[in-house]
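Engineer: Contents of target.cif (mmCIF, C-alpha atoms) are below:
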data_model
loop_
_atom_site.label_atom_id
_atom_site.label_comp_id
_atom_site.auth_asym_id
_atom_site.auth_seq_id
_atom_site.Cartn_x
_atom_site.Cartn_y
_atom_site.Cartn_z
CA MET A 1 0.00 0.00 0.00
CA ALA A 2 1.31 3.44 -0.95
CA LYS A 3 2.63 5.63 1.81
CA ILE A 4 0.81 8.86 2.56
CA ARG A 5 3.31 11.73 2.49
CA ARG A 6 1.10 14.77 2.84
CA LEU A 7 -2.37 15.31 4.28
CA VAL A 8 -4.38 18.50 4.36
CA LEU A 9 -7.38 18.33 6.68
CA ASP A 10 -10.18 20.74 7.37
CA THR A 11 -11.14 20.37 11.04
CA LEU A 12 -13.40 21.87 13.65
CA LYS A 13 -12.04 22.02 17.21
CA PRO A 14 -12.70 23.64 20.59
CA HIS A 15 -10.40 26.56 21.55
CA GLU A 16 -8.72 24.33 24.14
CA PRO A 17 -6.53 22.28 23.67
CA ASN A 18 -5.00 25.04 21.55
CA ILE A 19 -3.22 24.53 18.23
CA ILE A 20 0.21 24.44 19.88
CA ASP A 21 -0.84 21.40 21.95
CA LEU A 22 -2.52 19.84 18.92
CA ALA A 23 0.56 20.37 16.73
CA ASN A 24 2.74 18.88 19.45
CA VAL A 25 0.76 15.66 19.83
CA LEU A 26 0.31 15.23 16.08
CA SER A 27 4.02 15.69 15.44
CA GLU A 28 4.78 12.95 17.96
CA ILE A 29 2.92 10.35 15.88
CA GLU A 30 5.31 7.93 14.21
CA GLY A 31 5.58 8.61 10.49
CA VAL A 32 4.81 12.31 10.88
CA ALA A 33 7.72 14.63 10.15
CA ALA A 34 6.07 18.06 10.29
CA VAL A 35 2.75 19.65 11.16
CA ASN A 36 1.34 23.01 10.21
CA ILE A 37 -1.94 24.24 11.71
CA SER A 38 -3.63 27.49 10.90
CA ILE A 39 -6.92 28.89 12.14
CA TYR A 40 -9.06 30.38 9.43
CA GLU A 41 -12.32 30.92 11.26
CA LEU A 42 -13.06 31.67 14.89
CA ASP A 43 -16.36 31.16 16.68
CA ARG A 44 -17.43 31.65 20.33
CA MET A 45 -16.66 28.07 21.39
CA VAL A 46 -14.94 26.49 18.42
CA GLU A 47 -12.51 27.27 15.62
CA ASN A 48 -11.87 25.90 12.13
CA ALA A 49 -8.33 24.72 11.64
CA LYS A 50 -6.49 23.71 8.48
CA ILE A 51 -4.02 21.00 9.38
CA THR A 52 -1.19 20.17 6.99
CA ILE A 53 0.89 17.12 7.82
CA GLU A 54 3.97 15.83 6.04
CA GLY A 55 5.94 12.69 6.72
CA GLU A 56 7.44 9.52 5.31
CA ASP A 57 4.44 7.34 6.14
CA ILE A 58 1.55 9.21 7.77
CA PRO A 59 -0.88 6.84 9.54
CA PHE A 60 -4.26 8.39 8.77
CA SER A 61 -6.13 6.47 11.47
CA GLY A 62 -3.57 7.56 14.09
CA VAL A 63 -3.93 11.17 13.01
CA SER A 64 -7.73 11.11 12.99
CA ASP A 65 -7.84 9.31 16.38
CA MET A 66 -5.54 11.96 17.87
CA ILE A 67 -7.61 14.83 16.47
CA GLU A 68 -10.73 13.24 18.01
CA GLU A 69 -8.89 12.64 21.31
CA MET A 70 -8.14 16.36 21.38
CA GLY A 71 -11.84 17.13 20.89
CA GLY A 72 -11.72 17.93 17.18
CA THR A 73 -13.55 16.54 14.15
CA ILE A 74 -12.37 16.17 10.59
CA HIS A 75 -14.75 17.96 8.23
CA SER A 76 -12.97 17.00 5.06
CA ILE A 77 -9.73 15.69 3.61
CA ASP A 78 -8.74 18.55 1.32
CA GLU A 79 -5.53 17.16 -0.10
CA VAL A 80 -3.57 13.96 0.01
CA VAL A 81 -0.23 13.08 -1.50
CA ALA A 82 0.87 9.46 -1.59
CA GLY A 83 3.71 7.59 -3.26
CA LYS A 84 7.47 7.73 -3.36
CA LYS A 85 7.73 11.52 -3.35
CA ILE A 86 5.67 14.62 -2.74
CA ILE A 87 4.20 16.35 -5.76
CA ASP A 88 1.98 19.43 -5.90
CA ASP A 89 -1.13 19.61 -8.05
CA ALA A 90 -0.27 20.49 -11.60
CA ASP A 91 -1.36 23.76 -13.13
CA THR A 92 -3.91 23.48 -15.88
CA LEU A 93 -5.02 25.97 -18.46
CA GLN A 94 -8.04 26.75 -16.31
CA ASP A 95 -5.71 27.92 -13.51
CA MET B 96 8.87 7.28 38.88
CA ARG B 97 7.97 7.46 35.20
CA SER B 98 4.29 6.90 35.90
CA LEU B 99 4.40 9.64 38.55
CA LEU B 100 5.90 12.06 36.04
CA GLU B 101 3.24 11.03 33.52
CA ALA B 102 0.52 11.63 36.11
CA VAL B 103 1.92 15.09 36.86
CA SER B 104 2.08 15.85 33.15
CA TYR B 105 -1.56 14.75 32.70
CA LEU B 106 -2.60 16.83 35.70
CA ARG B 107 -0.90 19.89 34.22
CA GLU B 108 -2.67 19.32 30.95
CA TYR B 109 -6.04 18.80 32.64
CA ASP B 110 -5.43 21.90 34.73
CA LYS B 111 -4.90 23.92 31.55
CA LEU B 112 -7.95 22.41 29.84
CA ALA B 113 -10.38 22.59 32.75
CA ASN B 114 -8.96 25.54 34.67
CA ILE B 115 -8.73 23.37 37.79
CA SER B 116 -6.22 25.29 39.91
CA GLU B 117 -8.02 28.61 39.70
CA ILE B 118 -11.37 27.13 40.73
CA ALA B 119 -9.80 24.93 43.43
CA ARG B 120 -7.95 27.97 44.82
CA ARG B 121 -11.18 29.93 45.00
CA TYR B 122 -12.98 27.07 46.74
CA PHE B 123 -10.05 26.58 49.11
CA ALA B 124 -9.98 30.21 50.28
CA MET B 125 -13.76 30.54 50.50
CA ASN B 126 -14.34 27.30 52.40
CA ALA B 127 -11.37 27.52 54.72
CA PHE B 128 -12.69 30.98 55.63
CA ASP B 129 -16.15 29.49 56.22
CA GLY B 130 -14.62 26.68 58.28
CA VAL B 131 -12.74 29.01 60.61
CA LEU B 132 -15.68 31.35 61.13
CA THR B 133 -18.03 28.44 61.83
CA ILE B 134 -15.67 26.96 64.37
CA ILE B 135 -15.31 30.39 66.00
CA GLY B 136 -19.08 30.28 66.42
CA VAL B 137 -18.90 26.83 68.00
CA LEU B 138 -16.08 27.92 70.33
CA MET B 139 -17.83 31.11 71.38
CA GLY B 140 -21.04 29.19 72.01
CA ASN B 141 -19.19 26.81 74.30
CA PHE B 142 -17.25 29.66 75.92
CA VAL B 143 -20.25 31.84 76.85
CA ALA B 144 -22.18 28.77 77.96
CA GLY B 145 -19.32 28.04 80.36
CA VAL B 146 -18.42 24.62 79.00
CA SER B 147 -15.32 23.49 80.86
CA ASP B 148 -14.98 19.97 79.48
CA ALA B 149 -12.50 19.80 76.59
CA ARG B 150 -14.16 16.62 75.31
CA ILE B 151 -17.47 18.42 74.80
CA VAL B 152 -15.83 21.32 72.94
CA LEU B 153 -13.80 18.87 70.89
CA SER B 154 -16.71 16.61 70.02
CA THR B 155 -18.98 19.50 68.99
CA GLY B 156 -16.09 21.12 67.09
CA LEU B 157 -15.10 17.90 65.33
CA ALA B 158 -18.71 17.05 64.48
CA THR B 159 -19.10 20.52 62.98
CA SER B 160 -15.80 20.14 61.05
CA VAL B 161 -16.86 16.76 59.67
CA ALA B 162 -20.26 18.16 58.68
CA MET B 163 -18.57 21.09 56.93
CA GLY B 164 -16.19 18.69 55.17
CA VAL B 165 -19.00 16.42 53.99
CA SER B 166 -21.08 19.43 52.96
CA GLY B 167 -18.15 20.86 50.99
CA LEU B 168 -17.39 17.55 49.30
CA TRP B 169 -20.98 16.79 48.34
CA GLY B 170 -21.88 20.36 47.43
CA ALA B 171 -18.85 20.89 45.21
CA TYR B 172 -19.23 17.46 43.60
CA LEU B 173 -22.87 18.05 42.71
CA THR B 174 -22.51 21.65 41.53
CA GLU B 175 -19.28 21.05 39.61
CA SER B 176 -20.71 17.90 37.97
CA ALA B 177 -23.82 19.77 36.89
CA GLU B 178 -21.92 22.81 35.59
CA ARG B 179 -19.21 20.83 33.82
CA LYS B 180 -21.70 18.38 32.30
CA ARG B 181 -23.62 21.31 30.88
CA ASP B 182 -20.44 22.86 29.43
CA LEU B 183 -19.28 19.55 27.97
CA ASP B 184 -22.71 18.84 26.47
CA GLU B 185 -22.80 22.27 24.87
CA LEU B 186 -19.29 21.86 23.46
CA SER B 187 -20.22 18.37 22.20
CA ARG B 188 -23.29 19.82 20.51
CA VAL B 189 -21.26 22.56 18.82
CA THR B 190 -18.48 20.22 17.65
CA LEU B 191 -20.99 17.48 16.72
CA THR B 192 -18.83 14.98 18.65
CA ASP B 193 -19.24 13.07 21.88
CA LEU B 194 -16.43 14.55 23.96
CA THR B 195 -16.90 12.24 26.96
CA ASN B 196 -13.86 10.08 26.23
CA THR B 197 -11.57 12.80 24.92
CA ARG B 198 -8.95 14.74 26.89
CA ILE B 199 -11.53 17.47 27.43
CA GLY B 200 -13.96 14.97 28.98
CA ARG B 201 -11.28 13.41 31.19
CA ALA B 202 -10.03 16.86 32.28
CA SER B 203 -13.59 17.76 33.18
CA ARG B 204 -13.99 14.63 35.35
CA ALA B 205 -10.60 15.22 37.01
CA ALA B 206 -11.67 18.79 37.78
CA ILE B 207 -14.86 17.61 39.50
CA PHE B 208 -12.90 15.16 41.65
CA ILE B 209 -10.09 17.56 42.62
CA VAL B 210 -12.36 20.52 43.31
CA ALA B 211 -14.67 18.36 45.47
CA ILE B 212 -11.70 17.10 47.52
CA VAL B 213 -10.35 20.63 48.02
CA ASP B 214 -13.79 21.91 48.89
CA GLY B 215 -14.30 19.16 51.44
CA LEU B 216 -10.86 19.21 53.01
CA SER B 217 -10.33 22.97 53.31
CA PRO B 218 -13.04 23.77 55.90
CA PHE B 219 -12.34 20.52 57.73
CA LEU B 220 -8.58 21.14 58.05
CA ALA B 221 -8.99 24.85 58.84
CA ALA B 222 -11.40 23.98 61.65
CA LEU B 223 -9.10 21.23 62.88
CA ILE B 224 -6.19 23.67 63.22
CA VAL B 225 -8.32 25.90 65.42
CA LEU B 226 -9.27 22.94 67.64
CA ILE B 227 -5.66 21.87 68.33
CA PRO B 228 -5.54 23.49 71.83
CA PHE B 229 -8.56 21.42 72.89
CA ILE B 230 -6.89 18.25 71.57
CA LEU B 231 -3.88 19.13 73.74
CA ALA B 232 -6.01 20.17 76.72
CA GLY B 233 -7.00 16.56 77.46
CA SER B 234 -8.66 16.44 80.86
CA SER B 235 -7.37 19.84 81.98
CA GLU B 236 -9.91 21.58 84.25
CA ASP B 237 -9.18 25.17 83.36
CA LEU B 238 -9.92 25.65 79.67
CA THR B 239 -9.61 29.44 79.56
CA TRP B 240 -6.15 29.22 77.95
CA ALA B 241 -7.46 26.70 75.42
CA TYR B 242 -10.33 29.02 74.42
CA TYR B 243 -7.98 32.00 74.08
CA THR B 244 -5.33 30.00 72.20
CA SER B 245 -7.98 28.53 69.87
CA LEU B 246 -9.45 31.94 69.12
CA GLY B 247 -5.92 33.26 68.58
CA LEU B 248 -5.22 30.38 66.20
CA ALA B 249 -8.49 31.09 64.41
CA LEU B 250 -7.51 34.73 63.87
CA LEU B 251 -4.03 33.64 62.78
CA THR B 252 -5.53 31.20 60.27
CA LEU B 253 -7.81 33.94 58.97
CA PHE B 254 -4.84 36.28 58.67
CA SER B 255 -2.90 33.63 56.71
CA LEU B 256 -5.88 33.17 54.40
CA GLY B 257 -5.95 36.94 53.89
CA LEU B 258 -2.25 36.92 53.01
CA PHE B 259 -2.93 34.10 50.56
CA LEU B 260 -5.74 36.08 48.92
CA GLY B 261 -3.57 39.20 48.85
CA ARG B 262 -0.83 37.26 47.12
CA ILE B 263 -3.23 35.91 44.50
CA SER B 264 -4.63 39.36 43.77
CA HIS B 265 -1.13 40.92 43.77
CA GLY B 266 -2.67 43.41 46.18
CA ARG B 267 -1.52 44.53 49.60
CA MET B 268 -1.25 41.31 51.53
CA ILE B 269 -1.43 42.95 54.96
CA VAL B 270 -4.67 44.74 54.05
CA TYR B 271 -6.23 41.47 52.92
CA GLY B 272 -4.97 39.82 56.10
CA LEU B 273 -6.53 42.51 58.27
CA LYS B 274 -9.83 42.29 56.39
CA THR B 275 -10.14 38.55 57.03
CA VAL B 276 -9.11 38.97 60.69
CA LEU B 277 -11.79 41.66 61.03
CA ALA B 278 -14.43 39.09 59.97
CA GLY B 279 -13.23 36.83 62.80
CA VAL B 280 -13.26 39.65 65.35
CA VAL B 281 -16.78 40.69 64.31
CA SER B 282 -17.90 37.08 64.64
CA ILE B 283 -16.32 36.74 68.11
CA VAL B 284 -17.81 40.03 69.39
CA ILE B 285 -21.34 39.31 68.12
CA SER B 286 -21.26 35.74 69.48
CA PHE B 287 -20.02 37.03 72.83
CA PHE B 288 -22.78 39.60 73.21
CA LEU B 289 -25.43 37.18 71.99
CA GLY B 290 -24.28 34.75 74.68
CA VAL B 291 -24.17 37.37 77.40
CA SER B 292 -27.60 38.77 76.60
CA GLY B 293 -29.15 35.32 75.97
#
Go ahead and express the file in the form of structure tokens.
Structural biologist:
Amino acid sequence: MAKIRRLVLDTLKPHEPNIIDLANVLSEIEGVAAVNISIYELDRMVENAKITIEGEDIPFSGVSDMIEEMGGTIHSIDEVVAGKKIIDDADTLQD
Amino acid sequence: MRSLLEAVSYLREYDKLANISEIARRYFAMNAFDGVLTIIGVLMGNFVAGVSDARIVLSTGLATSVAMGVSGLWGAYLTESAERKRDLDELSRVTLTDLTNTRIGRASRAAIFIVAIVDGLSPFLAALIVLIPFILAGSSEDLTWAYYTSLGLALLTLFSLGLFLGRISHGRMIVYGLKTVLAGVVSIVISFFLGVSG
């Protein structure tokens, strides 16, 4: 099975645990090399976070379990890169 | 050793998530204050009634301390459970997830437990400190010194609580100390005159 090398997730989470704690625990998962989290919408009790994860072999179930453990939910998987190397989406004429 | 460090690390995390230390600190100060003032009432009641048997003072004082401890424990457990359940339910509703078995849920349950323990122990221990002279008095016939020492200890405990509150508020500790002592003095004076006129 191909190894997942990049994941971009759209999540909804409570304000606490904050994104520093979330980034810390996600980066400790085996197979994860780097985590980037940014908040793009803030509500009274919750916030929407875009989580970008890169690594040699990202275990999706481990990542999703950890996000749930921290009180968050995955709304959608916005991007995934799998295989021997990371590639970005190719530009098309429409772009 | 490792599991102890892990437990401390979890407690720190739960504290951050559920704001445990701030609430426990508030309960501690409020209930220790209640405990000392209540025991001042018990002591003054015994004093103006002329009770000269240390065992009677001790048994009424201890029974009151235990009742305050149980009241604190139960009261805090029930109110904290209700409040925290409501908060967790609301957060679960907003995130569309059952948060019971997440870190937030566990932090919430830890908070209920810790706050209830603090709320129960603080009035009990504060009252117990005040009763120390009567524990030492044994079968002594003249209890005047025990009453005075106990009331002195009560005022000292109140003063310490005031200093603690002053330190938390970054205010003038002595002023806070004097304010809490004043509450004790007012309580002693009113109890004394109630006893004399009664």
Engineer: Compile the contact shell of range 285-288 of chain B as a list in words: residues with an atom at most 9 Å away, counting all atoms listed in the file, same-chain residues fewer than 4 positions apart removed.
Structural biologist: Ile135, Gly136, Met139, Gly140, Phe142, Val143, Val280, Val281, Ser292 and Gly293 of chain B
Engineer: Include C-alpha atoms and write out the residues we just selected as a JSON list (two decimals), keeping the file's coordinate frame.
Structural biologist:
[["chain", "number", "residue", "atom", "x", "y", "z"],
["B", 135, "ILE", "CA", -15.31, 30.39, 66.00],
["B", 136, "GLY", "CA", -19.08, 30.28, 66.42],
["B", 139, "MET", "CA", -17.83, 31.11, 71.38],
["B", 140, "GLY", "CA", -21.04, 29.19, 72.01],
["B", 142, "PHE", "CA", -17.25, 29.66, 75.92],
["B", 143, "VAL", "CA", -20.25, 31.84, 76.85],
["B", 280, "VAL", "CA", -13.26, 39.65, 65.35],
["B", 281, "VAL", "CA", -16.78, 40.69, 64.31],
["B", 292, "SER", "CA", -27.60, 38.77, 76.60],
["B", 293, "GLY", "CA", -29.15, 35.32, 75.97]]
Engineer: Do you know which residues are at most 7 Å from range 69-81 of chain A counting all atoms listed in the file, after dropping those on the same chain fewer than 6 positions away, and could you put them as a ChimeraX atom specification?
Structural biologist: /A:4-14,17,87 /B:194,197-199
Engineer: Could you jot down the CA of Thr190 in chain B to CA of Val46 in chain A separation for me, Å, one decimal place?
Structural biologist: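 Going from CA of Thr190 in chain B over to CA of Val46 in chain A covers 7.2 Å.
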Engineer: If the cut-off is 9 Å, can you tell me the residues of chain B near chain A, counting all atoms listed in the file? I'd like them as a ChimeraX atom specification.
Structural biologist: /B:108,111-113,186-187,189-194,196-200
Engineer: (-18.3, 20.4, 61.2) in this file's frame - what residues fall within 9 Å of it? Use all atoms listed in the file and give the answer as number ranges by chain.
Structural biologist: B: 130, 133-134, 155-166, 218-219, 222
Engineer: Please complete range 49-67 of chain A with N, CA, C and O atoms and give it back as a compact mmCIF listing (two decimals), in the frame of the given file.
Structural biologist:
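Dumped everything to rebuild_11.txt:
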# COMPACT_ATOMS: atom_id res chain seq x y z
N ALA A 49 -9.77 24.78 11.81
CA ALA A 49 -8.33 24.72 11.64
C ALA A 49 -7.98 23.92 10.39
O ALA A 49 -8.56 22.87 10.13
N LYS A 50 -7.02 24.45 9.62
CA LYS A 50 -6.49 23.71 8.48
C LYS A 50 -5.21 23.05 8.95
O LYS A 50 -4.29 23.74 9.42
N ILE A 51 -5.19 21.73 8.89
CA ILE A 51 -4.02 21.00 9.38
C ILE A 51 -3.28 20.38 8.19
O ILE A 51 -3.85 19.60 7.43
N THR A 52 -2.03 20.75 8.05
CA THR A 52 -1.19 20.17 6.99
C THR A 52 -0.13 19.30 7.65
O THR A 52 0.56 19.76 8.57
N ILE A 53 -0.07 18.06 7.22
CA ILE A 53 0.89 17.12 7.82
C ILE A 53 1.77 16.52 6.73
O ILE A 53 1.26 16.12 5.67
N GLU A 54 3.06 16.50 6.98
CA GLU A 54 3.97 15.83 6.04
C GLU A 54 4.79 14.79 6.79
O GLU A 54 5.08 14.96 7.99
N GLY A 55 5.13 13.72 6.08
CA GLY A 55 5.94 12.69 6.72
C GLY A 55 6.25 11.58 5.74
O GLY A 55 5.76 11.59 4.60
N GLU A 56 7.04 10.63 6.19
CA GLU A 56 7.44 9.52 5.31
C GLU A 56 6.30 8.53 5.12
O GLU A 56 6.13 7.93 4.06
N ASP A 57 5.52 8.33 6.19
CA ASP A 57 4.44 7.34 6.14
C ASP A 57 3.39 7.74 7.18
O ASP A 57 3.37 7.24 8.30
N ILE A 58 2.51 8.65 6.80
CA ILE A 58 1.55 9.21 7.77
C ILE A 58 0.42 8.20 8.02
O ILE A 58 -0.28 7.81 7.07
N PRO A 59 0.24 7.76 9.27
CA PRO A 59 -0.88 6.84 9.54
C PRO A 59 -2.18 7.65 9.71
O PRO A 59 -2.37 8.33 10.72
N PHE A 60 -3.06 7.56 8.72
CA PHE A 60 -4.26 8.39 8.77
C PHE A 60 -5.12 8.10 10.01
O PHE A 60 -5.62 9.02 10.65
N SER A 61 -5.25 6.79 10.32
CA SER A 61 -6.13 6.47 11.47
C SER A 61 -5.54 7.04 12.76
O SER A 61 -6.28 7.54 13.62
N GLY A 62 -4.21 7.00 12.89
CA GLY A 62 -3.57 7.56 14.09
C GLY A 62 -3.80 9.05 14.18
O GLY A 62 -4.10 9.58 15.26
N VAL A 63 -3.72 9.71 13.03
CA VAL A 63 -3.93 11.17 13.01
C VAL A 63 -5.37 11.50 13.36
O VAL A 63 -5.65 12.36 14.20
N SER A 64 -6.32 10.78 12.73
CA SER A 64 -7.73 11.11 12.99
C SER A 64 -8.11 10.76 14.43
O SER A 64 -8.86 11.51 15.08
N ASP A 65 -7.56 9.66 14.97
CA ASP A 65 -7.84 9.31 16.38
C ASP A 65 -7.32 10.41 17.31
O ASP A 65 -7.98 10.79 18.28
N MET A 66 -6.12 10.93 17.00
CA MET A 66 -5.54 11.96 17.87
C MET A 66 -6.33 13.26 17.80
O MET A 66 -6.54 13.92 18.81
N ILE A 67 -6.80 13.60 16.61
CA ILE A 67 -7.61 14.83 16.47
C ILE A 67 -8.90 14.68 17.29
O ILE A 67 -9.31 15.59 18.01
